[in-house]
Amino acid sequence: MSTMNAPVVTRLERVTAALQRREADRVPVGLAVGLHGARELGITLRELFSDPRNVVEADLRMFAKYGSDILAATWFAPMEHEAWGGEVLWFDDGPPNAGAPVIRGAESIARLEAPRVGDLPRGRWMLEAIAEMRRRLGPDVPILGGVVSPHSLPVMLMGFEAYLNLILERRDLYERLTATIEEWTVAWGNAQLAAGATALAYFDPVASSTILPPDLYRETGFPVARRTISRLNGPTVTFLASGRSLPVIPDLVRTGTLAIGPSVMDDMQEVVAACRGKATIVGNLNGIEMRHWTPQQAEAKVRELISAAAPGGGLIVCDNHGEIPIQVPEETILAISEAVRTWGRFPIAGGDG
């Protein structure tokens with residue numbers, strides 16, 4: 001009788017509870033398997049990203065197959081490089097990459113203008129794909145869109161070394177550049193939210209202490225993130241793309257983001273302490289090692305993560321990068337999802353929730 005009368009928890013309710021750092025029925029799982037859509041449809045990655053119908057079909061198939069609580073709308077970071085006039089480099093066995101830099105020298109920054117979302121064919125089809133997935137899934141499934149932060153996109157637009165030199169030597173141009181990119185980021189992110197996305201992944205790898213000293217981030221990327229996130233019309237999850245997060249977690253919290261994706265290089269007990277009562281943890285399974293996990297190893301890793309970070313609420317199980325490599329076998333992804341359902345039911349064994 002108690003089972004029959006138990007309230008039905010939707011995916012959206014489950015994820016909302018996690019973002020509010022409270023317990024629902026179980027820990028939610030978010031599987032960023034967009035690259036696997038090519039394998040799902042038997043086409044190349046370039047073909048997958050050439051037609052919104054391919055993206056919709058692949059994403060919905062994988063959503064049903066793997067039982068994720070969040071549909072991560074298929075998106076790739078060099079799409080934003082392309083929006084600014086850059087080239088996308090395609091590979092059969094890995095994610096698309098950015099081609100040659102489009103910003104060369106101070107003169108380019110001074111003349112730079114943000115692209116218009118409506119003028120971009122691939123941007124328009126991604127919005128069409130999000131809208132169609134929302135129509136077919138209804139209101140109770142969280143859909144995650146994505147943006148690259150104005151603090152990190154310049155790595156693609158002008159190259160790593162040139163951008164770091166700009167941060168160190170020409171702070172005036174850094175501020176001009178990031179302010180221009182911010183207009184794009186806000187317009188692009190809000191367009192995804194208007195199309196039906198529930199929240200946005202805010203990718204900011206240059207915020208990581210793996211790349212910048214925390215004091216330098218606080219002078220640069222922190223005010224940019226706080227300003228940008230405040231202008232987005234929905235919640236954000238900040239990913240540092242596998243980079244260390246622990247030294248800047250207090251700063252990330254102050255940007256207004258609701259959740260943080262820590263690195264496998266971070267000590268999880270310290271991450272839990274730093275995020276407690278302030279931010280949800282999204283992660284942090286090792287996507288690189290995941291390529292070689294057996295289903296039994298996947299289960300053990302999920303159980304270890306849940307035991308460390310789930311009691312009391314505030315965990316969404318995910319990889320630590322925001323993208324599961326295409327080489328990860330289907331059976332491993334299925335094992336991750338099943339392990340969350342087995343070991344993620346509240347109250348967590350051994351926890352205080």
# chains A, B, ... in the order shown; residues from 1 in each chain; ligands from 1

call {"tool": "select_by_dssp", "arguments": {"residues": "stretch 73-300 of chain A", "states": "helix (DSSP H, G or I)", "output": "VMD selection string"}}
result
chain A and resid 78 to 83 106 to 111 117 to 119 121 to 137 154 to 158 160 to 169 171 to 195 205 to 207 214 to 219 221 to 231 246 to 254 268 to 275 289 to 292 295 to 300

call {"tool": "select_by_dssp", "arguments": {"residues": "stretch 107-337 of chain A", "states": "strand (DSSP E or B)", "output": "ChimeraX atom specification"}}
result
/A:143-148,199-203,236-239,259-261,280-285,315-319

call {"tool": "closest_residue", "arguments": {"among": "A:Asp251, A:Glu338, A:Asp93, A:Asp267", "to": "A:Ser68", "atoms": "only C-alpha atoms"}}
result
A:Glu338

call {"tool": "residues_around", "arguments": {"residues": "A:Tyr66", "least_positions_apart": "2", "cutoff": "9 Å", "atoms": "only C-alpha atoms", "output": "mmCIF file with N, CA and C atoms, in the first residue's frame"}}
result
data_model
loop_
_atom_site.group_PDB
_atom_site.id
_atom_site.type_symbol
_atom_site.label_atom_id
_atom_site.label_comp_id
_atom_site.auth_asym_id
_atom_site.auth_seq_id
_atom_site.Cartn_x
_atom_site.Cartn_y
_atom_site.Cartn_z
ATOM 1 N N LEU A 31 23.770 12.216 -18.210
ATOM 2 C CA LEU A 31 24.736 11.569 -19.102
ATOM 3 C C LEU A 31 24.893 12.405 -20.368
ATOM 4 N N ARG A 61 16.730 8.927 -28.804
ATOM 5 C CA ARG A 61 17.031 7.485 -28.703
ATOM 6 C C ARG A 61 17.925 7.200 -27.507
ATOM 7 N N MET A 62 18.980 8.000 -27.355
ATOM 8 C CA MET A 62 19.921 7.757 -26.260
ATOM 9 C C MET A 62 19.300 8.081 -24.907
ATOM 10 N N PHE A 63 18.447 9.077 -24.869
ATOM 11 C CA PHE A 63 17.749 9.417 -23.636
ATOM 12 C C PHE A 63 16.916 8.222 -23.166
ATOM 13 N N ALA A 64 16.225 7.575 -24.095
ATOM 14 C CA ALA A 64 15.423 6.403 -23.750
ATOM 15 C C ALA A 64 16.302 5.213 -23.396
ATOM 16 N N SER A 68 18.782 8.601 -18.605
ATOM 17 C CA SER A 68 19.287 9.783 -17.922
ATOM 18 C C SER A 68 18.129 10.603 -17.363
ATOM 19 N N GLU A 330 28.817 1.185 -24.745
ATOM 20 C CA GLU A 330 27.421 1.298 -24.313
ATOM 21 C C GLU A 330 27.185 0.608 -22.978
ATOM 22 N N ILE A 333 28.102 2.783 -20.035
ATOM 23 C CA ILE A 333 27.140 3.851 -19.771
ATOM 24 C C ILE A 333 25.882 3.287 -19.131
ATOM 25 N N LEU A 334 25.418 2.160 -19.631
ATOM 26 C CA LEU A 334 24.247 1.512 -19.034
ATOM 27 C C LEU A 334 24.526 1.108 -17.594
ATOM 28 N N ILE A 336 26.556 2.594 -15.502
ATOM 29 C CA ILE A 336 26.536 3.809 -14.678
ATOM 30 C C ILE A 336 25.105 4.166 -14.302
ATOM 31 N N SER A 337 24.249 4.172 -15.300
ATOM 32 C CA SER A 337 22.848 4.519 -15.053
ATOM 33 C C SER A 337 22.193 3.543 -14.085
ATOM 34 N N GLU A 338 22.432 2.262 -14.283
ATOM 35 C CA GLU A 338 21.829 1.247 -13.414
ATOM 36 C C GLU A 338 22.381 1.352 -11.996
#

call {"tool": "residues_around", "arguments": {"residues": "A:Thr44", "least_positions_apart": "5", "cutoff": "10 Å", "atoms": "only C-alpha atoms", "output": "count of residues only"}}
result
10

call {"tool": "residues_around", "arguments": {"residues": "A:Arg254", "least_positions_apart": "6", "cutoff": "10 Å", "atoms": "only C-alpha atoms", "output": "ChimeraX atom specification"}}
result
/A:222-223,225-226,248,278-279

call {"tool": "closest_residue", "arguments": {"among": "A:Val56, A:Ala98, A:Leu127, A:Ala335", "to": "A:Glu40", "atoms": "only C-alpha atoms"}}
result
A:Val56

call {"tool": "closest_residue", "arguments": {"among": "A:Ala309, A:Leu41, A:Ile249, A:Val328", "to": "A:Trp293", "atoms": "only C-alpha atoms"}}
result
A:Val328

call {"tool": "atom_distance", "arguments": {"atom1": "atom CA of A:Thr238", "atom2": "atom CA of A:Asn54"}}
result
27.3 Å
